[in-house]
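Trainee: Sending over a structure as structure tokens; questions will come in a sec.
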Amino acid sequence: MKSSILTKLCCILIALFTFGAFAQNEEPIRIVKSWEPGIEKPTPVSLEGFSGEVLEVLKFDLYVQGFSFVTPDAAQYLISGSNADNVQGRVTDRFSKGSLLARSYTGASLRREAHAFADDIVFATRHDKGIALTKIAFKDEAPSGEGEIYVADFDGHNPQAVTHDGAIVAAPAWVPGRLALYYTSYKLGNPDIFYHDLTTGQRQAIARYSGLNSSAAVSPDGARVAMILSKGGSPNVYVCNADGSGLKKLTSTSEDSSPCWSPDGQWVCFATKIDARRRLAKVPAGGGEVRVVNTIGVSNPTEPDWSPDGKWIAFTSQMSEFDVCVVPAGGGDATILVRGEDPSWAPNSRTLICARRSASYRYALSLLDAPTKQFKDVARVSGSDSQPAWAR
Amino acid sequence: MKTTKLIYPLVLALAATLATTGCKHKPVGITKLPGQNAPQVGEPGAGGTMGGGGTMNTGENVQTGGGALASAETFDNMTPDRAALAAYTIHFAYDRSDIRSSEKPNLAQVAQALSSDPSAKLLIEGNCDERGTEEYNRSLGERRALAAREALAKLGVDPMRIETRSFGKDQPADPGHDESAWSKNRRDDFVLLHPKSGV
């Protein structure tokens, strides 16, 4: 464990240096504690004075961000308040006795006020931006195989169908910072990729080539889309502009699937086969040499997703079962977190959403706190919910 | 292990300038669908609006190689006949897309049907069992369909008469969850396409 402390110290130093380099603008220098996947202890808190839906929301939101619930004498932070007409809350550090937060929330549903309080708790105790008011998109599938794309609150509540295609749909991807999605729909017969503006309801096909058009992934600046097309005779990674123009083939490797972007927009990471082994690999987004991303200790990696802070790649490994794993973005030792598939990072670069198979082979979406491995299913729409994408 | 973990914060610091070129506007197959009402979706917490109009890295347009597919429009206005070749479905080994010799007689029958009807075209639907992740299977199903297309080309069928479609694991032939079902689901179905009468 000595090495782990040393690692953290180095991370903080490098983080300081990095923030310092960009600190000329506005943000004060802030030290964000780094974590190791799967081995961190949850932060013990006590919750007093809340009831019903508000209590439920607070417990859910905090649990999936690495908090645990204990009695006040065992807690690090004391969270108290009320939810009679609106949510009021306080957070106190039990050791310093200092008040970290005292706030009253109005003007929204109790549920939304509770989410807002949860975000404030995360910021007060961890100096980290909460995720309780974020959105997800996913695919809801009926036993027939047909389904619709949905968006919902991050906890699965308030689901709304985006498509009404009555067709096979797949692989929704958010445009960063906008209410817009790319996804695959078989509405016109073939798997085609559509761009769908959720504010206007307008959509258009941006990839309707012969063969496979699927697995859209949007660059961090929203200007480019990576995808899998088979128009060249095998499924490979392509990139185009947001409207489908300027198509360029990026890879000629075999058995490619599931591209994602590095947060700096420089790389596209994807699953492929190299030297008869399934690997994760990355290619410069403008074209260039494909490089392997090592995932030591696990095999058959697919479905990579690069964390918004650039540090990690989450992915699915298939050995005897499907496992959600993370690996440092440069490659290295992989850590198995939980059974599950198709992880997508929250904007906090800490929580993941993934799909877990039930005994009946249906999927349910689950939220997973990568440092503590705490996970909980989100509210289910119906049928089988999979291919989650976190808005960020 | 220790040293690799020291490297990842440095990834943060990586930034390079994009080679920028003027954007070419060549919209491809843009087709608006009718009847889409705006879903009322609340504001996401994901932050502000994106500024559009940034510079883009366009690169050159794709040159399609020898194995390239015919354009999707070639197969519009065709009537699918699922019954004609239903007996010649071919099956695959787990996680494989190569054609086993046991499946070759069926492919020969499909080639025969196409050569005896020069106006007909062919849709090959690639499918997978439910093991494997979803988009991996969508690629695998496509590879299975493409493998049959290539084999038919070797039997003398013009590959430009053939379109491929992958359903991944979304259209199992058998809904069961055991090897007996899975072996039926790892398949290519062949759908004969006839020109619409009067066209």
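Residue numbers start at 1 in each chain; chains themselves are named A, B, ... in the order of the structure tokens; ligands are numbered from 1 in the order shown.
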What's around Leu192 of chain B at 9 Å? Count only C-alpha atoms, leave out sequence neighbours fewer than 3 positions away in its own chain, and write the answer as a compact mmCIF listing (two decimals) with N, CA and C atoms, in the first residue's frame.

Mentor:
# COMPACT_ATOMS: atom_id res chain seq x y z
N THR B 79 -38.70 -6.28 -54.33
CA THR B 79 -39.64 -6.99 -53.46
C THR B 79 -38.96 -8.21 -52.85
N PRO B 80 -38.89 -8.27 -51.51
CA PRO B 80 -38.20 -9.41 -50.89
C PRO B 80 -39.04 -10.68 -50.93
N ASP B 81 -38.39 -11.80 -51.22
CA ASP B 81 -39.02 -13.11 -51.22
C ASP B 81 -38.25 -13.97 -50.22
N ARG B 82 -38.80 -14.07 -49.00
CA ARG B 82 -38.07 -14.77 -47.93
C ARG B 82 -38.18 -16.28 -48.09
N ALA B 83 -39.23 -16.75 -48.78
CA ALA B 83 -39.46 -18.20 -48.83
C ALA B 83 -38.51 -18.90 -49.81
N ALA B 84 -38.17 -18.20 -50.90
CA ALA B 84 -37.47 -18.85 -52.00
C ALA B 84 -36.20 -19.57 -51.55
N LEU B 85 -35.39 -18.92 -50.68
CA LEU B 85 -34.09 -19.48 -50.31
C LEU B 85 -34.03 -19.87 -48.83
N ALA B 113 -29.72 -20.26 -57.89
CA ALA B 113 -30.97 -19.48 -57.98
C ALA B 113 -30.71 -18.12 -58.62
N LEU B 114 -29.57 -17.51 -58.28
CA LEU B 114 -29.27 -16.20 -58.83
C LEU B 114 -28.89 -16.27 -60.30
N ALA B 120 -32.91 -10.97 -60.60
CA ALA B 120 -33.02 -11.02 -59.14
C ALA B 120 -31.73 -10.51 -58.48
N LYS B 121 -31.91 -9.99 -57.28
CA LYS B 121 -30.77 -9.63 -56.44
C LYS B 121 -30.89 -10.38 -55.13
N LEU B 122 -29.90 -10.19 -54.26
CA LEU B 122 -29.86 -11.00 -53.04
C LEU B 122 -29.58 -10.13 -51.83
N LEU B 123 -30.34 -10.37 -50.77
CA LEU B 123 -30.05 -9.77 -49.46
C LEU B 123 -29.55 -10.89 -48.55
N ILE B 124 -28.36 -10.70 -47.98
CA ILE B 124 -27.84 -11.67 -47.01
C ILE B 124 -27.95 -11.05 -45.63

Trainee: Skip Gly233 of chain A itself and residues of its chain fewer than 6 positions away, then list as a PDB file with C-alpha atoms, in the first residue's frame all residues within 12 Å of it, counting only C-alpha atoms.

Mentor:
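The new file selection.pdb reads:
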ATOM      1  CA  TYR A 209     -24.267   3.333 -46.926  1.00  0.00           C
ATOM      2  CA  SER A 210     -24.708  -0.221 -48.099  1.00  0.00           C
ATOM      3  CA  GLY A 211     -23.988  -2.739 -45.351  1.00  0.00           C
ATOM      4  CA  LEU A 212     -23.444  -1.823 -41.715  1.00  0.00           C
ATOM      5  CA  LYS A 249     -11.703   5.604 -43.394  1.00  0.00           C
ATOM      6  CA  SER A 252      -8.046  -1.431 -42.060  1.00  0.00           C
ATOM      7  CA  THR A 253      -7.772  -3.783 -39.095  1.00  0.00           C
ATOM      8  CA  SER A 254     -10.076  -6.778 -38.932  1.00  0.00           C
ATOM      9  CA  GLU A 255     -13.143  -7.234 -36.779  1.00  0.00           C
TER      10      GLU A 255
ATOM     11  CA  GLN B  63     -11.681   5.375 -52.043  1.00  0.00           C
ATOM     12  CA  THR B  64     -13.647   2.162 -52.074  1.00  0.00           C
ATOM     13  CA  GLY B  65     -11.552  -0.898 -52.769  1.00  0.00           C
ATOM     14  CA  GLY B  66     -12.228  -4.080 -54.705  1.00  0.00           C
ATOM     15  CA  GLY B  67     -14.413  -5.585 -52.021  1.00  0.00           C
ATOM     16  CA  ALA B  68     -16.577  -2.498 -51.802  1.00  0.00           C
ATOM     17  CA  LEU B  69     -20.330  -2.748 -51.667  1.00  0.00           C
ATOM     18  CA  ALA B  70     -22.844  -1.504 -54.218  1.00  0.00           C
ATOM     19  CA  SER B 139     -20.027  -6.303 -36.609  1.00  0.00           C
ATOM     20  CA  GLU B 142     -21.975  -8.220 -40.898  1.00  0.00           C
ATOM     21  CA  ARG B 143     -18.755 -10.214 -41.269  1.00  0.00           C
ATOM     22  CA  ARG B 144     -20.812 -13.406 -41.617  1.00  0.00           C
ATOM     23  CA  ALA B 145     -22.949 -11.825 -44.344  1.00  0.00           C
ATOM     24  CA  LEU B 146     -19.839 -10.495 -46.111  1.00  0.00           C
ATOM     25  CA  ALA B 147     -18.187 -13.938 -45.943  1.00  0.00           C
ATOM     26  CA  ALA B 148     -21.145 -15.468 -47.781  1.00  0.00           C
ATOM     27  CA  ARG B 149     -21.069 -12.617 -50.303  1.00  0.00           C
ATOM     28  CA  GLU B 150     -17.419 -13.319 -50.995  1.00  0.00           C
ATOM     29  CA  PRO B 159     -21.147  -9.179 -55.836  1.00  0.00           C
ATOM     30  CA  MET B 160     -22.828  -5.936 -56.904  1.00  0.00           C
ATOM     31  CA  ILE B 162     -25.711  -8.677 -53.251  1.00  0.00           C
ATOM     32  CA  GLU B 163     -26.477  -6.484 -50.255  1.00  0.00           C
ATOM     33  CA  THR B 164     -25.613  -7.400 -46.682  1.00  0.00           C
TER      34      THR B 164
END

Trainee: How far is it from atom CA of Phe60 of chain A to atom CA of Arg350 of chain A, in Å with one decimal?

Mentor: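 Atom-to-atom, atom CA of Phe60 of chain A to atom CA of Arg350 of chain A, that is 15.5 Å.
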
Trainee: Please report, as an mmCIF file with C-alpha atoms, in the first residue's frame, each residue of segment 88-189 of chain B to which DSSP assigns strand (DSSP E or B) when run on this structure's backbone.

Mentor:
data_model
loop_
_atom_site.group_PDB
_atom_site.id
_atom_site.type_symbol
_atom_site.label_atom_id
_atom_site.label_comp_id
_atom_site.auth_asym_id
_atom_site.auth_seq_id
_atom_site.Cartn_x
_atom_site.Cartn_y
_atom_site.Cartn_z
ATOM 1 C CA ILE B 90 -26.055 -21.388 -43.529
ATOM 2 C CA HIS B 91 -24.709 -21.694 -39.982
ATOM 3 C CA LYS B 121 -30.767 -9.631 -56.439
ATOM 4 C CA LEU B 122 -29.863 -10.996 -53.043
ATOM 5 C CA LEU B 123 -30.050 -9.772 -49.459
ATOM 6 C CA ILE B 124 -27.841 -11.671 -47.014
ATOM 7 C CA GLU B 125 -28.840 -11.229 -43.357
ATOM 8 C CA GLY B 126 -26.081 -11.989 -40.855
ATOM 9 C CA ILE B 162 -25.711 -8.677 -53.251
ATOM 10 C CA GLU B 163 -26.477 -6.484 -50.255
ATOM 11 C CA THR B 164 -25.613 -7.400 -46.682
ATOM 12 C CA ARG B 165 -27.444 -6.587 -43.465
ATOM 13 C CA SER B 166 -26.452 -7.481 -39.914
ATOM 14 C CA ARG B 187 -26.559 -17.922 -39.325
ATOM 15 C CA ASP B 188 -26.938 -16.155 -42.662
ATOM 16 C CA ASP B 189 -30.451 -16.016 -44.076
#

Trainee: Could you list the residues in chain A lying within 7 Å of chain B, using only C-alpha atoms, and format the result as an MDAnalysis selection string?

Mentor: chainID A and resid 7 11 14:15 18 133:135 145 162 177:178 190 198:212 215 223 231:235 243:249 255 257:258 264 286 309:311 328:330 332:333 391:392

Trainee: Report, in Å with one decimal, the straight-line distance from atom CA of Phe190 of chain B to atom CA of Val110 of chain B.

Mentor: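 It comes out at 7.7 Å.
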
Trainee: Got a sec: who's within 7 Å of segment 106-109 of chain B, counting only C-alpha atoms, leaving out chain neighbours fewer than 2 positions off, as a list in words?

Mentor: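 Counting only C-alpha atoms, the residues come to Tyr88, Ile90, Glu103, Lys104, Ala111, Gln112, Ala113 and Leu152 of chain B.
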
Trainee: Which residues, written as a tab-separated table (two decimals) with N, CA and C atoms, in the first residue's frame, have at least one atom at most 8 Å from Pro44 of chain A, with only C-alpha atoms counted and residues fewer than 6 positions away on the same chain left out?

Mentor:
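Below is the file selection.tsv, written as the result:
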chain	number	residue	atom	x	y	z
A	67	PHE	N	-20.69	6.90	-1.33
A	67	PHE	CA	-20.97	7.16	0.09
A	67	PHE	C	-21.65	5.94	0.70
A	68	SER	N	-21.44	5.73	2.02
A	68	SER	CA	-22.17	4.68	2.72
A	68	SER	C	-22.91	5.32	3.89
A	69	PHE	N	-23.92	4.61	4.42
A	69	PHE	CA	-24.80	5.20	5.43
A	69	PHE	C	-24.60	4.51	6.77
A	70	VAL	N	-24.27	5.31	7.78
A	70	VAL	CA	-23.95	4.79	9.10
A	70	VAL	C	-24.66	5.66	10.15
A	74	ALA	N	-20.61	7.17	13.84
A	74	ALA	CA	-19.61	6.52	12.98
A	74	ALA	C	-19.38	7.29	11.69
A	75	ALA	N	-20.09	8.42	11.53
A	75	ALA	CA	-20.05	9.12	10.24
A	75	ALA	C	-18.89	10.11	10.17
A	76	GLN	N	-18.42	10.33	8.94
A	76	GLN	CA	-17.44	11.40	8.73
A	76	GLN	C	-18.19	12.72	8.53
A	77	TYR	N	-19.32	12.64	7.83
A	77	TYR	CA	-20.14	13.84	7.61
A	77	TYR	C	-21.56	13.57	8.10

Trainee: Write out as a ChimeraX atom specification the residues lying within 7 Å of Val378 of chain A, counting only C-alpha atoms and excluding same-chain residues fewer than 3 positions away.

Mentor: /A:155-156,365-367

Trainee: Write out as a ChimeraX atom specification each polymer residue whose atoms come within 6 Å of Leu181 of chain A, counting only C-alpha atoms; drop sequence neighbours fewer than 5 positions from it.

Mentor: /A:173-175,195-196

Trainee: Which residues in segment 56-179 of chain B does DSSP call alpha helix (DSSP H)? List them as a PDB file with N, CA and C atoms, in the first residue's frame.

Mentor:
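Once everything was written out, this is out16.pdb:
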ATOM      1  N   LYS B 104     -21.326 -25.388 -47.785  1.00  0.00           N
ATOM      2  CA  LYS B 104     -21.101 -25.007 -49.196  1.00  0.00           C
ATOM      3  C   LYS B 104     -22.192 -25.475 -50.153  1.00  0.00           C
ATOM      4  N   PRO B 105     -22.793 -26.657 -49.941  1.00  0.00           N
ATOM      5  CA  PRO B 105     -23.891 -27.042 -50.836  1.00  0.00           C
ATOM      6  C   PRO B 105     -25.038 -26.016 -50.822  1.00  0.00           C
ATOM      7  N   ASN B 106     -25.344 -25.473 -49.652  1.00  0.00           N
ATOM      8  CA  ASN B 106     -26.400 -24.468 -49.588  1.00  0.00           C
ATOM      9  C   ASN B 106     -26.023 -23.218 -50.376  1.00  0.00           C
ATOM     10  N   LEU B 107     -24.754 -22.806 -50.265  1.00  0.00           N
ATOM     11  CA  LEU B 107     -24.312 -21.627 -51.010  1.00  0.00           C
ATOM     12  C   LEU B 107     -24.410 -21.877 -52.507  1.00  0.00           C
ATOM     13  N   ALA B 108     -24.082 -23.107 -52.926  1.00  0.00           N
ATOM     14  CA  ALA B 108     -24.172 -23.443 -54.351  1.00  0.00           C
ATOM     15  C   ALA B 108     -25.617 -23.319 -54.832  1.00  0.00           C
ATOM     16  N   GLN B 109     -26.556 -23.710 -53.976  1.00  0.00           N
ATOM     17  CA  GLN B 109     -27.976 -23.578 -54.326  1.00  0.00           C
ATOM     18  C   GLN B 109     -28.368 -22.101 -54.480  1.00  0.00           C
ATOM     19  N   VAL B 110     -27.861 -21.270 -53.595  1.00  0.00           N
ATOM     20  CA  VAL B 110     -28.161 -19.834 -53.677  1.00  0.00           C
ATOM     21  C   VAL B 110     -27.576 -19.257 -54.964  1.00  0.00           C
ATOM     22  N   ALA B 111     -26.345 -19.645 -55.284  1.00  0.00           N
ATOM     23  CA  ALA B 111     -25.702 -19.166 -56.516  1.00  0.00           C
ATOM     24  C   ALA B 111     -26.499 -19.612 -57.737  1.00  0.00           C
ATOM     25  N   GLN B 112     -26.973 -20.850 -57.683  1.00  0.00           N
ATOM     26  CA  GLN B 112     -27.768 -21.409 -58.782  1.00  0.00           C
ATOM     27  C   GLN B 112     -29.050 -20.579 -58.993  1.00  0.00           C
ATOM     28  N   ALA B 113     -29.722 -20.261 -57.891  1.00  0.00           N
ATOM     29  CA  ALA B 113     -30.966 -19.484 -57.978  1.00  0.00           C
ATOM     30  C   ALA B 113     -30.714 -18.122 -58.618  1.00  0.00           C
ATOM     31  N   LEU B 114     -29.571 -17.510 -58.285  1.00  0.00           N
ATOM     32  CA  LEU B 114     -29.265 -16.195 -58.835  1.00  0.00           C
ATOM     33  C   LEU B 114     -28.890 -16.273 -60.304  1.00  0.00           C
ATOM     34  N   SER B 115     -28.204 -17.353 -60.688  1.00  0.00           N
ATOM     35  CA  SER B 115     -27.797 -17.434 -62.091  1.00  0.00           C
ATOM     36  C   SER B 115     -28.985 -17.767 -62.986  1.00  0.00           C
ATOM     37  N   SER B 116     -30.001 -18.457 -62.421  1.00  0.00           N
ATOM     38  CA  SER B 116     -31.159 -18.789 -63.241  1.00  0.00           C
ATOM     39  C   SER B 116     -32.150 -17.630 -63.327  1.00  0.00           C
ATOM     40  N   GLU B 134     -23.224  -6.320 -27.685  1.00  0.00           N
ATOM     41  CA  GLU B 134     -24.192  -5.983 -28.728  1.00  0.00           C
ATOM     42  C   GLU B 134     -23.560  -5.462 -30.017  1.00  0.00           C
ATOM     43  N   GLU B 135     -22.723  -4.441 -29.919  1.00  0.00           N
ATOM     44  CA  GLU B 135     -22.157  -3.870 -31.148  1.00  0.00           C
ATOM     45  C   GLU B 135     -21.071  -4.777 -31.715  1.00  0.00           C
ATOM     46  N   TYR B 136     -20.401  -5.552 -30.861  1.00  0.00           N
ATOM     47  CA  TYR B 136     -19.480  -6.566 -31.380  1.00  0.00           C
ATOM     48  C   TYR B 136     -20.254  -7.537 -32.268  1.00  0.00           C
ATOM     49  N   ASN B 137     -21.415  -7.965 -31.787  1.00  0.00           N
ATOM     50  CA  ASN B 137     -22.225  -8.896 -32.560  1.00  0.00           C
ATOM     51  C   ASN B 137     -22.760  -8.268 -33.844  1.00  0.00           C
ATOM     52  N   ARG B 138     -23.019  -6.953 -33.800  1.00  0.00           N
ATOM     53  CA  ARG B 138     -23.499  -6.307 -35.022  1.00  0.00           C
ATOM     54  C   ARG B 138     -22.394  -6.350 -36.087  1.00  0.00           C
ATOM     55  N   SER B 139     -21.144  -6.168 -35.674  1.00  0.00           N
ATOM     56  CA  SER B 139     -20.027  -6.303 -36.609  1.00  0.00           C
ATOM     57  C   SER B 139     -19.845  -7.760 -37.041  1.00  0.00           C
ATOM     58  N   LEU B 140     -19.968  -8.684 -36.086  1.00  0.00           N
ATOM     59  CA  LEU B 140     -19.788 -10.113 -36.403  1.00  0.00           C
ATOM     60  C   LEU B 140     -20.852 -10.582 -37.401  1.00  0.00           C
ATOM     61  N   GLY B 141     -22.101 -10.178 -37.200  1.00  0.00           N
ATOM     62  CA  GLY B 141     -23.170 -10.546 -38.140  1.00  0.00           C
ATOM     63  C   GLY B 141     -22.869 -10.021 -39.537  1.00  0.00           C
ATOM     64  N   GLU B 142     -22.329  -8.800 -39.597  1.00  0.00           N
ATOM     65  CA  GLU B 142     -21.975  -8.220 -40.898  1.00  0.00           C
ATOM     66  C   GLU B 142     -20.833  -9.015 -41.535  1.00  0.00           C
ATOM     67  N   ARG B 143     -19.868  -9.423 -40.720  1.00  0.00           N
ATOM     68  CA  ARG B 143     -18.755 -10.214 -41.269  1.00  0.00           C
ATOM     69  C   ARG B 143     -19.257 -11.547 -41.807  1.00  0.00           C
ATOM     70  N   ARG B 144     -20.249 -12.141 -41.129  1.00  0.00           N
ATOM     71  CA  ARG B 144     -20.812 -13.406 -41.617  1.00  0.00           C
ATOM     72  C   ARG B 144     -21.509 -13.205 -42.958  1.00  0.00           C
ATOM     73  N   ALA B 145     -22.264 -12.098 -43.075  1.00  0.00           N
ATOM     74  CA  ALA B 145     -22.949 -11.825 -44.344  1.00  0.00           C
ATOM     75  C   ALA B 145     -21.924 -11.557 -45.451  1.00  0.00           C
ATOM     76  N   LEU B 146     -20.865 -10.812 -45.113  1.00  0.00           N
ATOM     77  CA  LEU B 146     -19.839 -10.495 -46.111  1.00  0.00           C
ATOM     78  C   LEU B 146     -19.074 -11.748 -46.542  1.00  0.00           C
ATOM     79  N   ALA B 147     -18.894 -12.693 -45.606  1.00  0.00           N
ATOM     80  CA  ALA B 147     -18.187 -13.938 -45.943  1.00  0.00           C
ATOM     81  C   ALA B 147     -18.985 -14.733 -46.972  1.00  0.00           C
ATOM     82  N   ALA B 148     -20.304 -14.758 -46.811  1.00  0.00           N
ATOM     83  CA  ALA B 148     -21.145 -15.468 -47.781  1.00  0.00           C
ATOM     84  C   ALA B 148     -21.131 -14.740 -49.122  1.00  0.00           C
ATOM     85  N   ARG B 149     -21.118 -13.402 -49.058  1.00  0.00           N
ATOM     86  CA  ARG B 149     -21.069 -12.617 -50.303  1.00  0.00           C
ATOM     87  C   ARG B 149     -19.800 -12.946 -51.078  1.00  0.00           C
ATOM     88  N   GLU B 150     -18.687 -13.015 -50.341  1.00  0.00           N
ATOM     89  CA  GLU B 150     -17.419 -13.319 -50.995  1.00  0.00           C
ATOM     90  C   GLU B 150     -17.430 -14.731 -51.589  1.00  0.00           C
ATOM     91  N   ALA B 151     -17.994 -15.687 -50.837  1.00  0.00           N
ATOM     92  CA  ALA B 151     -18.055 -17.066 -51.323  1.00  0.00           C
ATOM     93  C   ALA B 151     -18.931 -17.162 -52.570  1.00  0.00           C
ATOM     94  N   LEU B 152     -20.034 -16.406 -52.597  1.00  0.00           N
ATOM     95  CA  LEU B 152     -20.905 -16.415 -53.772  1.00  0.00           C
ATOM     96  C   LEU B 152     -20.203 -15.789 -54.976  1.00  0.00           C
ATOM     97  N   ALA B 153     -19.392 -14.757 -54.706  1.00  0.00           N
ATOM     98  CA  ALA B 153     -18.639 -14.135 -55.795  1.00  0.00           C
ATOM     99  C   ALA B 153     -17.688 -15.154 -56.422  1.00  0.00           C
ATOM    100  N   LYS B 154     -17.100 -16.004 -55.568  1.00  0.00           N
ATOM    101  CA  LYS B 154     -16.200 -17.039 -56.089  1.00  0.00           C
ATOM    102  C   LYS B 154     -16.960 -18.068 -56.910  1.00  0.00           C
ATOM    103  N   GLU B 179     -27.082 -24.132 -26.188  1.00  0.00           N
ATOM    104  CA  GLU B 179     -26.298 -24.323 -27.408  1.00  0.00           C
ATOM    105  C   GLU B 179     -27.183 -24.735 -28.585  1.00  0.00           C
TER     106      GLU B 179
END

Trainee: I'd like to know which of B:Arg96, B:Lys196, B:Ala87, B:Asp178 is closest to Cys128 of chain B, using only C-alpha atoms.

Mentor: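 Closest to Cys128 of chain B of all the choices is B:Arg96.
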
Trainee: Which value, in Å to one decimal, gives the distance between atom CA of Asp129 of chain B and atom CA of Ser183 of chain B?

Mentor: 7.4 Å

Trainee: Would you mind telling me which residue in A:Pro388, A:Gly98, A:Gly147, A:Gly222 lies nearest to Gly340 of chain A when using only C-alpha atoms?

Mentor: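 Of all the options, A:Pro388 lies closest to Gly340 of chain A.
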
Trainee: Neighbours of Ser197 of chain B within 10 Å (only C-alpha atoms; same-chain residues fewer than 2 positions away dropped), as JSON, numbers by chain?

Mentor: {"B": [77, 78, 79, 194, 195, 199]}

Trainee: Atoms to include: C-alpha atoms. Write the selected residues as a compact mmCIF listing (two decimals), in the first residue's frame.

Mentor:
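Once everything was written out, this is selection.txt:
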# COMPACT_ATOMS: atom_id res chain seq x y z
CA ASN B 77 -37.68 -0.85 -55.29
CA MET B 78 -37.10 -4.56 -54.89
CA THR B 79 -39.64 -6.99 -53.46
CA HIS B 194 -37.28 -9.41 -57.28
CA PRO B 195 -37.72 -6.20 -59.24
CA VAL B 199 -40.58 -1.03 -62.77
